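Enquirer: Below: one structure in structure tokens.
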Amino acid sequence: MSSEPDYVFRSIRADEWPAVKEIRLASLRDPVADIAFMDTYENASAQPDRFWQERAAGAAEGVLERQQIVAEEVGGRWVGSLVVLVEEAGAVG
């Protein structure tokens, strides 16, 4: 049995916006995506590159308000993603 981890979990970098776009669009193709996401494949796929650049920059490593975390296979392929919103305790939102 290998002692190497199967996945690395880490925050995205702003320059990884093409991968952010790719994994989001793949997720929105799931038949039950409307339960998990407040978006559609048709809407997201119509967004310009600038949208994806800003989305990645707004949730990248070092941003305090939100972080997008990816599960990355050895070799670099992203296989999962989540976004964590950070709020002060007691904040109304």
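We label chains A, B, ... in the order they appear in the structure tokens, count residues from 1 in each chain, and number ligands from 1 in the order shown.
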Excluding A:Ser81 and any residue of its chain fewer than 2 positions from it, enumerate the residues within 8 Å of it, using only C-alpha atoms, and give them as a PyMOL selection string.
Expert: chain A and resi 23+68-71+78-79+83
Enquirer: Any idea what's packed within 10 Å of A:Lys21, counting only C-alpha atoms, ignoring anything in its chain fewer than 3 positions away? Could you give it as a list in words?
Expert: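 Non-adjacent residues within range: Glu16, Trp17, Pro18, Arg24, Leu25, Ala26, Ser27, Ala44, Ser45, Gln47, Asp49, Phe51, Trp52, Gln53, Arg55 and Ala56 of chain A.
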Enquirer: Considering only C-alpha atoms, return as number ranges by chain whatever protein or nucleic-acid residues lie within 6 Å of A:Gln67, sequence-local ones (same chain, fewer than 4 positions apart) excluded.
Expert: A: 59-60, 83-84
Enquirer: Using DSSP assignments from the backbone, pull out every residue in stretch 3-91 of chain A that falls under alpha helix (DSSP H) and give it to me as a ChimeraX atom specification.
Expert: /A:17-28,33-36,41-45,49-57
Enquirer: For those residues, write N, CA and C atoms to a file as a PDB file, in the first residue's frame.
Expert:
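Now in part.pdb:
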```
ATOM      1  N   TRP A  17      -8.222  30.263 -13.503  1.00  0.00           N
ATOM      2  CA  TRP A  17      -9.606  30.492 -13.904  1.00  0.00           C
ATOM      3  C   TRP A  17     -10.091  29.541 -15.011  1.00  0.00           C
ATOM      4  N   PRO A  18      -9.272  29.121 -15.985  1.00  0.00           N
ATOM      5  CA  PRO A  18      -9.807  28.170 -16.976  1.00  0.00           C
ATOM      6  C   PRO A  18     -10.258  26.847 -16.331  1.00  0.00           C
ATOM      7  N   ALA A  19      -9.524  26.390 -15.326  1.00  0.00           N
ATOM      8  CA  ALA A  19      -9.915  25.157 -14.637  1.00  0.00           C
ATOM      9  C   ALA A  19     -11.153  25.386 -13.771  1.00  0.00           C
ATOM     10  N   VAL A  20     -11.279  26.590 -13.192  1.00  0.00           N
ATOM     11  CA  VAL A  20     -12.480  26.942 -12.428  1.00  0.00           C
ATOM     12  C   VAL A  20     -13.694  26.862 -13.349  1.00  0.00           C
ATOM     13  N   LYS A  21     -13.566  27.434 -14.516  1.00  0.00           N
ATOM     14  CA  LYS A  21     -14.649  27.404 -15.509  1.00  0.00           C
ATOM     15  C   LYS A  21     -14.972  25.964 -15.903  1.00  0.00           C
ATOM     16  N   GLU A  22     -13.948  25.191 -16.198  1.00  0.00           N
ATOM     17  CA  GLU A  22     -14.141  23.814 -16.660  1.00  0.00           C
ATOM     18  C   GLU A  22     -14.871  22.958 -15.621  1.00  0.00           C
ATOM     19  N   ILE A  23     -14.451  23.033 -14.357  1.00  0.00           N
ATOM     20  CA  ILE A  23     -15.079  22.179 -13.349  1.00  0.00           C
ATOM     21  C   ILE A  23     -16.498  22.648 -13.032  1.00  0.00           C
ATOM     22  N   ARG A  24     -16.729  23.964 -13.076  1.00  0.00           N
ATOM     23  CA  ARG A  24     -18.079  24.485 -12.843  1.00  0.00           C
ATOM     24  C   ARG A  24     -19.027  24.045 -13.950  1.00  0.00           C
ATOM     25  N   LEU A  25     -18.603  24.169 -15.200  1.00  0.00           N
ATOM     26  CA  LEU A  25     -19.465  23.757 -16.308  1.00  0.00           C
ATOM     27  C   LEU A  25     -19.727  22.254 -16.277  1.00  0.00           C
ATOM     28  N   ALA A  26     -18.725  21.472 -15.933  1.00  0.00           N
ATOM     29  CA  ALA A  26     -18.928  20.017 -15.811  1.00  0.00           C
ATOM     30  C   ALA A  26     -19.939  19.712 -14.708  1.00  0.00           C
ATOM     31  N   SER A  27     -19.847  20.435 -13.605  1.00  0.00           N
ATOM     32  CA  SER A  27     -20.786  20.229 -12.500  1.00  0.00           C
ATOM     33  C   SER A  27     -22.206  20.591 -12.910  1.00  0.00           C
ATOM     34  N   LEU A  28     -22.361  21.644 -13.683  1.00  0.00           N
ATOM     35  CA  LEU A  28     -23.693  22.087 -14.101  1.00  0.00           C
ATOM     36  C   LEU A  28     -24.325  21.168 -15.138  1.00  0.00           C
ATOM     37  N   ALA A  33     -28.245  19.193 -11.077  1.00  0.00           N
ATOM     38  CA  ALA A  33     -27.458  20.371 -10.709  1.00  0.00           C
ATOM     39  C   ALA A  33     -28.330  21.491 -10.158  1.00  0.00           C
ATOM     40  N   ASP A  34     -29.579  21.570 -10.603  1.00  0.00           N
ATOM     41  CA  ASP A  34     -30.446  22.653 -10.134  1.00  0.00           C
ATOM     42  C   ASP A  34     -30.711  22.568  -8.628  1.00  0.00           C
ATOM     43  N   ILE A  35     -30.512  21.414  -8.038  1.00  0.00           N
ATOM     44  CA  ILE A  35     -30.672  21.260  -6.586  1.00  0.00           C
ATOM     45  C   ILE A  35     -29.469  21.862  -5.855  1.00  0.00           C
ATOM     46  N   ALA A  36     -28.291  21.692  -6.400  1.00  0.00           N
ATOM     47  CA  ALA A  36     -27.059  22.113  -5.720  1.00  0.00           C
ATOM     48  C   ALA A  36     -26.587  23.513  -6.097  1.00  0.00           C
ATOM     49  N   TYR A  41     -26.284  25.451 -16.741  1.00  0.00           N
ATOM     50  CA  TYR A  41     -25.179  25.280 -17.681  1.00  0.00           C
ATOM     51  C   TYR A  41     -25.270  26.339 -18.786  1.00  0.00           C
ATOM     52  N   GLU A  42     -26.485  26.567 -19.289  1.00  0.00           N
ATOM     53  CA  GLU A  42     -26.677  27.513 -20.382  1.00  0.00           C
ATOM     54  C   GLU A  42     -26.224  28.921 -19.979  1.00  0.00           C
ATOM     55  N   ASN A  43     -26.591  29.348 -18.790  1.00  0.00           N
ATOM     56  CA  ASN A  43     -26.199  30.672 -18.315  1.00  0.00           C
ATOM     57  C   ASN A  43     -24.684  30.750 -18.100  1.00  0.00           C
ATOM     58  N   ALA A  44     -24.129  29.779 -17.395  1.00  0.00           N
ATOM     59  CA  ALA A  44     -22.696  29.806 -17.073  1.00  0.00           C
ATOM     60  C   ALA A  44     -21.830  29.704 -18.323  1.00  0.00           C
ATOM     61  N   SER A  45     -22.229  28.872 -19.268  1.00  0.00           N
ATOM     62  CA  SER A  45     -21.405  28.693 -20.472  1.00  0.00           C
ATOM     63  C   SER A  45     -21.423  29.933 -21.367  1.00  0.00           C
ATOM     64  N   ASP A  49     -14.869  35.291 -20.610  1.00  0.00           N
ATOM     65  CA  ASP A  49     -13.685  34.934 -19.822  1.00  0.00           C
ATOM     66  C   ASP A  49     -13.499  35.858 -18.618  1.00  0.00           C
ATOM     67  N   ARG A  50     -13.800  37.125 -18.772  1.00  0.00           N
ATOM     68  CA  ARG A  50     -13.630  38.088 -17.669  1.00  0.00           C
ATOM     69  C   ARG A  50     -14.432  37.664 -16.436  1.00  0.00           C
ATOM     70  N   PHE A  51     -15.628  37.124 -16.643  1.00  0.00           N
ATOM     71  CA  PHE A  51     -16.450  36.622 -15.545  1.00  0.00           C
ATOM     72  C   PHE A  51     -15.704  35.537 -14.770  1.00  0.00           C
ATOM     73  N   TRP A  52     -15.110  34.603 -15.503  1.00  0.00           N
ATOM     74  CA  TRP A  52     -14.409  33.482 -14.872  1.00  0.00           C
ATOM     75  C   TRP A  52     -13.122  33.950 -14.195  1.00  0.00           C
ATOM     76  N   GLN A  53     -12.455  34.916 -14.776  1.00  0.00           N
ATOM     77  CA  GLN A  53     -11.254  35.483 -14.160  1.00  0.00           C
ATOM     78  C   GLN A  53     -11.608  36.146 -12.829  1.00  0.00           C
ATOM     79  N   GLU A  54     -12.685  36.926 -12.819  1.00  0.00           N
ATOM     80  CA  GLU A  54     -13.113  37.593 -11.587  1.00  0.00           C
ATOM     81  C   GLU A  54     -13.608  36.591 -10.548  1.00  0.00           C
ATOM     82  N   ARG A  55     -14.309  35.559 -11.007  1.00  0.00           N
ATOM     83  CA  ARG A  55     -14.799  34.528 -10.089  1.00  0.00           C
ATOM     84  C   ARG A  55     -13.625  33.831  -9.392  1.00  0.00           C
ATOM     85  N   ALA A  56     -12.613  33.476 -10.155  1.00  0.00           N
ATOM     86  CA  ALA A  56     -11.443  32.807  -9.579  1.00  0.00           C
ATOM     87  C   ALA A  56     -10.682  33.749  -8.645  1.00  0.00           C
ATOM     88  N   ALA A  57     -10.471  34.978  -9.071  1.00  0.00           N
ATOM     89  CA  ALA A  57      -9.735  35.938  -8.242  1.00  0.00           C
ATOM     90  C   ALA A  57     -10.469  36.219  -6.933  1.00  0.00           C
TER      91      ALA A  57
END
```
Enquirer: Looking only at the backbone, which of the residues in chain A does DSSP tag as strand (DSSP E or B), as a list in words?
Expert: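 Taking chain A and keeping strand (DSSP E or B) gives Tyr7, Val8, Phe9, Arg10, Ser11, Arg66, Gln67, Gln68, Ile69, Val70, Ala71, Glu72, Glu73, Trp78, Val79, Gly80, Ser81, Leu82, Val83, Val84 and Leu85 of chain A.
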Enquirer: At a cut-off of 10 Å, using only C-alpha atoms, what residues contact A:Leu64? Leave out same-chain residues fewer than 5 positions from it and give the result as a ChimeraX atom specification.
Expert: /A:58-59,85-87
Enquirer: So which one's closest to A:Glu88, A:Gly76, A:Arg66, A:Ala46, A:Val32? Using only C-alpha atoms, please.
Expert: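 Of the candidates, the smallest distance to A:Glu88 is held by A:Arg66.
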Enquirer: Record the distance separating atom CA of A:Arg77 and atom CA of A:Tyr7, expressed in Å with one decimal.
Expert: 9.6 Å
Enquirer: Using only C-alpha atoms, which of the listed residues (A:Asp39, A:Asp30, A:Arg10, A:Asp15) sits closest to A:Leu82?
Expert: A:Arg10
Enquirer: Of the candidates A:Ala14, A:Val8, A:Met38, A:Ala89, which one gets nearest to A:Val63 if we count only C-alpha atoms?
Expert: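 Of A:Ala14, A:Val8, A:Met38, A:Ala89, the one nearest A:Val63, counting only C-alpha atoms, is A:Ala14.
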